[in-house]
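Novice: What follows is a single structure, and I will ask about it in a moment.
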Amino acid sequence: MEKNYDVIVVGGGLTGIAAAIAAKRNGVKDVLLIERYGFLGGMATNGLVNPFMSYFKSGEPYEEEYQLTFGIFQEILDRLIELEGFKNKRTFDAEIMKLVLNRMVKEEDIDLLFHTYVADVQKEEENCIHSITVSNKAGLSNIRANMFVDCTGDADIAYMAGVPCKKGRDEDGYSQPMTMCFRIANVDRAKMPSRDKINELYTQAVKRGEINNPRENVLFFDTMQDDVIHFNTTRVVMKDATNPKELTEAELEVREQCWQMFHFLKKEVDGFQDSYFQVSAPQIGIRESRRIVGKYILTGEDVISGQKFDDSICYSAYCIDIHNPSGTGTIITQLQKGDYYGIPYRCLLPENIENLLVAGRPISSSHEAHSSLRVMPPCAGMGQAAGTAAALALESGIMPYQVESSLLRKKLIKDDSIRW
Ligand SMILES: Cc1cc2nc3c(=O)[nH]c(=O)nc-3n(C[C@H](O)[C@H](O)[C@H](O)COP(=O)(O)OP(=O)(O)OC[C@H]3O[C@@H](n4cnc5c(N)ncnc54)[C@H](O)[C@@H]3O)c2cc1C
């Protein structure tokens, strides 16, 4: 058994980074951040996901008066801007992101373990985690902490500790599809046809059997470089990202799709004739897997009706965005213009494990609410809230569920994570 930490945060995505930094800044002495890769960022870097979906009130322009997420998320944006790694208030450079996040974690004197996978948990009593088992080049070892924050995206720690979890939509349990993001470079943008024309050509290629992708159209975004186009358009359906065999099948299937898409673009779409396949993400992107059952389950209705709660710890106005878990089509339902909803602190609190907080996409929510709250800005906000709550609990010698939400909100407002 190694050192006894105050807080262990598992998962170095935007949620986990915000959680670790917030815990440290709020007075926690020993914080350990564990990440399975050799760099930080989670889906923002290992999934090559881009851009930040809106962190402003629904349908409002990207102006500070309409902004919903600040705090550590804003600090990340500021540092990206400083290194010329951010444009149009949404597109970022994934390589600069990795550097920025390393620096932010190092500056806070947070202990960091890269290339380390959490593989098991040990419980002291039925409702308390005692330690975790990590697997890395040193073999297996156990690390102990008083408090744990699960930012794995898949609720790995919660699941291993016996927190009840749900997956996918109610009717058949299928989660949103997985997508490998990839980039094509040396594109002559001036020659590119309209999105409608590209989609028409794509539909014909699918009909001819040249592309095996159930997605209805071609989804692409700008990057930091004019000649590089970011594609978020592959789709692997009806596979469970927490089933190792199905995840492996998904990785194999999606690489073929990437290649088919590239060939289609090069052969059929003006502007792509001299292009090349620049990069695919280190791993397939996972939109949805486990969702914990916590003290409150956020619903699609809460999202669409713009519910604000007494214990809201961050806000979002991103639409309900469900890529069809079993085939073609995407359901998008927007909030009223100018509206937004709150994410209650209770959604971060597992129903049965007391010294664990869960933040990011696997919080306690329905499939529909999850499709909105999963985007990067609210994830960072949830992370900051979880780390702050862990610090407040430790300071008072209580469990996270005993932290007064009014006190937590006050702290988050003081630290500029939320503004009201
Ligand atoms: C294809 C796709 C497109 C998307 N598009 C957008 C978009 O355009 N805009 C937007 O804002 N959001 C988008 N999202 C959503 C968003 O990227 C994620 O939901 C968000 O980044 C989740 O952040 P996180 O930190 O909670 O989890 P993750 O980013 O998944 O981070 C989890 C981290 O934990 C680590 N980890 C996991 N398990 C373990 C373990 N057992 N031990 C150690 N480490 C572990 C992982 O390596 C990872 O670094 C998209 C997602 C996908 C998949």
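Every chain in the structure tokens has a letter given in the order shown (A, B, ...), and although residue numbers restart at 1 in each chain, ligands are simply numbered from 1 in the order shown.
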Set the distance at 6 Å and use only C-alpha atoms: which residues neighbour Tyr341 of chain A once local chain neighbours fewer than 4 positions away are removed? I'd like the list as a PyMOL selection string.
Specialist: chain A and resi 303+306-308+315-316
Novice: Take the residues from that selection and put them in a file with C-alpha atoms, as a CSV table (one decimal), in the first residue's frame.
Specialist:
chain,number,residue,atom,x,y,z
A,303,VAL,CA,-33.3,20.1,-19.7
A,306,GLY,CA,-34.8,25.0,-18.3
A,307,GLN,CA,-35.1,23.8,-14.7
A,308,LYS,CA,-32.9,25.6,-12.2
A,315,TYR,CA,-25.4,25.4,-16.1
A,316,SER,CA,-25.8,24.3,-19.7
Novice: Per residue of chain A within 7 Å of ligand 1, which atom pair is closest and at what distance in Å (one decimal), using only C-alpha atoms and all ligand atoms, listed by chain and increasing number, as a Markdown table?
Specialist:
| residue | atom | partner | partner_atom_place_in_ligand_line | distance |
| --- | --- | --- | --- | --- |
| A:Val10 | CA | ligand 1 | 43 (C) | 5.7 |
| A:Gly11 | CA | ligand 1 | 34 (O) | 3.1 |
| A:Gly12 | CA | ligand 1 | 49 (O) | 4.4 |
| A:Gly13 | CA | ligand 1 | 25 (O) | 3.4 |
| A:Leu14 | CA | ligand 1 | 25 (O) | 4.2 |
| A:Thr15 | CA | ligand 1 | 25 (O) | 3.9 |
| A:Gly16 | CA | ligand 1 | 25 (O) | 5.6 |
| A:Ile34 | CA | ligand 1 | 43 (C) | 5.6 |
| A:Glu35 | CA | ligand 1 | 44 (N) | 4.0 |
| A:Arg36 | CA | ligand 1 | 44 (N) | 4.1 |
| A:Tyr37 | CA | ligand 1 | 47 (O) | 5.6 |
| A:Leu40 | CA | ligand 1 | 49 (O) | 6.0 |
| A:Gly41 | CA | ligand 1 | 49 (O) | 5.8 |
| A:Gly42 | CA | ligand 1 | 49 (O) | 3.3 |
| A:Met43 | CA | ligand 1 | 29 (O) | 3.7 |
| A:Ala44 | CA | ligand 1 | 21 (O) | 5.4 |
| A:Asn46 | CA | ligand 1 | 49 (O) | 6.9 |
| A:Gly47 | CA | ligand 1 | 53 (C) | 6.5 |
| A:Val49 | CA | ligand 1 | 4 (C) | 5.3 |
| A:Asn50 | CA | ligand 1 | 8 (O) | 4.8 |
| A:Pro51 | CA | ligand 1 | 8 (O) | 4.8 |
| A:Phe52 | CA | ligand 1 | 11 (O) | 3.8 |
| A:Met53 | CA | ligand 1 | 11 (O) | 3.9 |
| A:Thr116 | CA | ligand 1 | 43 (C) | 5.8 |
| A:Tyr117 | CA | ligand 1 | 42 (N) | 3.7 |
| A:Val118 | CA | ligand 1 | 42 (N) | 4.0 |
| A:Ala119 | CA | ligand 1 | 41 (N) | 6.0 |
| A:Cys151 | CA | ligand 1 | 26 (O) | 5.5 |
| A:Thr152 | CA | ligand 1 | 34 (O) | 3.7 |
| A:Gly153 | CA | ligand 1 | 27 (O) | 4.0 |
| A:Asp154 | CA | ligand 1 | 38 (N) | 6.5 |
| A:Asp156 | CA | ligand 1 | 41 (N) | 5.7 |
| A:Met178 | CA | ligand 1 | 1 (C) | 6.2 |
| A:Thr179 | CA | ligand 1 | 1 (C) | 4.5 |
| A:Met180 | CA | ligand 1 | 1 (C) | 6.2 |
| A:Cys181 | CA | ligand 1 | 1 (C) | 6.2 |
| A:Asn232 | CA | ligand 1 | 1 (C) | 6.0 |
| A:Gly285 | CA | ligand 1 | 53 (C) | 3.6 |
| A:Ile286 | CA | ligand 1 | 53 (C) | 3.9 |
| A:Arg287 | CA | ligand 1 | 53 (C) | 4.0 |
| A:Ala359 | CA | ligand 1 | 26 (O) | 6.5 |
| A:Gly360 | CA | ligand 1 | 26 (O) | 3.6 |
| A:Arg361 | CA | ligand 1 | 26 (O) | 5.0 |
| A:Arg374 | CA | ligand 1 | 19 (O) | 4.2 |
| A:Val375 | CA | ligand 1 | 12 (N) | 3.5 |
| A:Met376 | CA | ligand 1 | 11 (O) | 3.8 |
| A:Pro377 | CA | ligand 1 | 11 (O) | 6.0 |
| A:Cys379 | CA | ligand 1 | 26 (O) | 5.4 |
Novice: Would you write out those residues with C-alpha atoms, as an mmCIF file, in the first residue's frame?
Specialist:
data_model
loop_
_atom_site.group_PDB
_atom_site.id
_atom_site.type_symbol
_atom_site.label_atom_id
_atom_site.label_comp_id
_atom_site.auth_asym_id
_atom_site.auth_seq_id
_atom_site.Cartn_x
_atom_site.Cartn_y
_atom_site.Cartn_z
ATOM 1 C CA VAL A 10 -9.546 9.081 -11.594
ATOM 2 C CA GLY A 11 -9.570 10.256 -15.207
ATOM 3 C CA GLY A 12 -7.597 13.150 -16.672
ATOM 4 C CA GLY A 13 -10.264 14.493 -19.014
ATOM 5 C CA LEU A 14 -11.572 18.046 -18.685
ATOM 6 C CA THR A 15 -13.788 16.895 -15.820
ATOM 7 C CA GLY A 16 -10.977 15.239 -13.882
ATOM 8 C CA ILE A 34 -4.707 9.092 -12.330
ATOM 9 C CA GLU A 35 -4.851 8.844 -16.119
ATOM 10 C CA ARG A 36 -4.484 5.792 -18.335
ATOM 11 C CA TYR A 37 -2.804 7.649 -21.244
ATOM 12 C CA LEU A 40 -4.426 14.835 -20.355
ATOM 13 C CA GLY A 41 -7.647 15.984 -21.958
ATOM 14 C CA GLY A 42 -9.773 12.859 -22.264
ATOM 15 C CA MET A 43 -12.081 12.983 -25.268
ATOM 16 C CA ALA A 44 -10.790 16.489 -26.091
ATOM 17 C CA ASN A 46 -7.669 11.137 -26.914
ATOM 18 C CA GLY A 47 -10.908 11.316 -28.880
ATOM 19 C CA VAL A 49 -13.247 15.852 -30.174
ATOM 20 C CA ASN A 50 -13.718 19.429 -31.337
ATOM 21 C CA PRO A 51 -15.135 22.100 -31.046
ATOM 22 C CA PHE A 52 -16.475 23.064 -27.602
ATOM 23 C CA MET A 53 -20.224 22.935 -27.916
ATOM 24 C CA THR A 116 -1.986 3.935 -14.950
ATOM 25 C CA TYR A 117 -5.332 2.178 -15.130
ATOM 26 C CA VAL A 118 -7.671 1.762 -12.196
ATOM 27 C CA ALA A 119 -8.728 -1.855 -12.248
ATOM 28 C CA CYS A 151 -14.106 11.237 -13.765
ATOM 29 C CA THR A 152 -13.534 8.198 -15.985
ATOM 30 C CA GLY A 153 -16.393 9.065 -18.331
ATOM 31 C CA ASP A 154 -17.630 5.493 -17.911
ATOM 32 C CA ASP A 156 -15.621 2.806 -13.753
ATOM 33 C CA MET A 178 -19.361 5.597 -31.027
ATOM 34 C CA THR A 179 -17.454 7.764 -33.511
ATOM 35 C CA MET A 180 -13.819 7.882 -34.565
ATOM 36 C CA CYS A 181 -12.930 11.520 -35.234
ATOM 37 C CA ASN A 232 -17.057 13.643 -36.666
ATOM 38 C CA GLY A 285 -14.980 8.396 -29.269
ATOM 39 C CA ILE A 286 -17.489 7.236 -26.664
ATOM 40 C CA ARG A 287 -20.554 9.409 -26.323
ATOM 41 C CA ALA A 359 -18.608 13.979 -12.382
ATOM 42 C CA GLY A 360 -18.793 14.405 -16.155
ATOM 43 C CA ARG A 361 -20.905 12.433 -18.552
ATOM 44 C CA ARG A 374 -22.203 15.343 -21.920
ATOM 45 C CA VAL A 375 -20.513 18.199 -23.833
ATOM 46 C CA MET A 376 -17.157 19.529 -22.661
ATOM 47 C CA PRO A 377 -17.991 22.887 -21.009
ATOM 48 C CA CYS A 379 -18.239 18.548 -17.846
#
Novice: From a DSSP pass on the backbone, collect the residues of segment 24-98 of chain A flagged as strand (DSSP E or B) and hand them back as a ChimeraX atom specification.
Specialist: /A:31-34,41,56,67,86-87,91-92
Novice: Write down as number ranges by chain the residues of segment 59-257 of chain A whose backbone DSSP state falls under alpha helix (DSSP H).
Specialist: A: 71-82, 94-107, 156-160, 195-207, 244-257
Novice: Identify, on the basis of only C-alpha atoms, every residue whose closest approach to segment 239-245 of chain A does not exceed 12 Å; exclude the query and any residue fewer than 5 positions from it along the same chain; express the result as a VMD selection string.
Specialist: chain A and resid 152 to 156 159 165 to 168 172 to 179 250 to 254 283 to 291 325 to 327
Novice: With only C-alpha atoms as the atoms that count, which of A:Leu373, A:Leu201, A:Ala317, A:Leu265 lies nearest to Thr299 of chain A?
Specialist: A:Leu373
Novice: Have a look at A:Gln225, A:Gln384, A:Thr133, A:Gln122 and name the one nearest to Val187 of chain A; count only C-alpha atoms.
Specialist: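 Closest residue, counting only C-alpha atoms: A:Gln225.
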Novice: Excluding same-chain residues fewer than 5 positions from Arg25 of chain A, what lies within 9 Å of it counting only C-alpha atoms, as a PyMOL selection string?
Specialist: chain A and resi 20+108+388+391
Novice: Excluding Ile132 of chain A and residues on its chain fewer than 2 positions from it, collect all residues at most 8 Å away from it, counting only C-alpha atoms, and give them as a PyMOL selection string.
Specialist: chain A and resi 118-122+129-130+134+142-144
Novice: I want to know what sits within 9 Å of Ile198 of chain A, based on only C-alpha atoms, with residues of the same chain fewer than 4 positions away left out; could you give that as a list of chain:residue names?
Specialist: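 Everything that qualifies: A:Met192, A:Pro193, A:Ser194, A:Tyr202, A:Thr203, A:Asn217, A:Val218, A:Leu265, A:Glu268, A:Val269.
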Novice: Could you check how far atom CA of Ile76 of chain A sits from atom CA of Ile343 of chain A, in Å to one decimal?
Specialist: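 Atom CA of Ile76 of chain A sits 21.2 Å away from atom CA of Ile343 of chain A.
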Novice: Taking only C-alpha atoms into account, produce a table as CSV in which each residue of segment 198-260 of chain A with an atom at most 9 Å from an atom of segment 80-94 of chain A appears once, together with its shortest atom pair and the distance in Å to one decimal, ordered by chain and rising number.
Specialist:
residue,atom,partner,partner_atom,distance
A:Phe221,CA,A:Thr91,CA,8.8
A:Asp222,CA,A:Thr91,CA,7.3
A:Thr223,CA,A:Thr91,CA,6.4
A:Met224,CA,A:Asp93,CA,6.3
Novice: With only C-alpha atoms as the counted atoms, please give the residues lying no more than 9 Å from Trp420 of chain A, apart from itself and same-chain residues fewer than 5 positions off, as a ChimeraX atom specification.
Specialist: /A:409-410,413
Novice: Restricting the calculation to only C-alpha atoms, which member of A:Val358, A:Cys314, A:Ala380, A:Cys258 is positioned closest to Pro400 of chain A?
Specialist: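 Residue with the minimum atom-to-atom distance to Pro400 of chain A: A:Val358.
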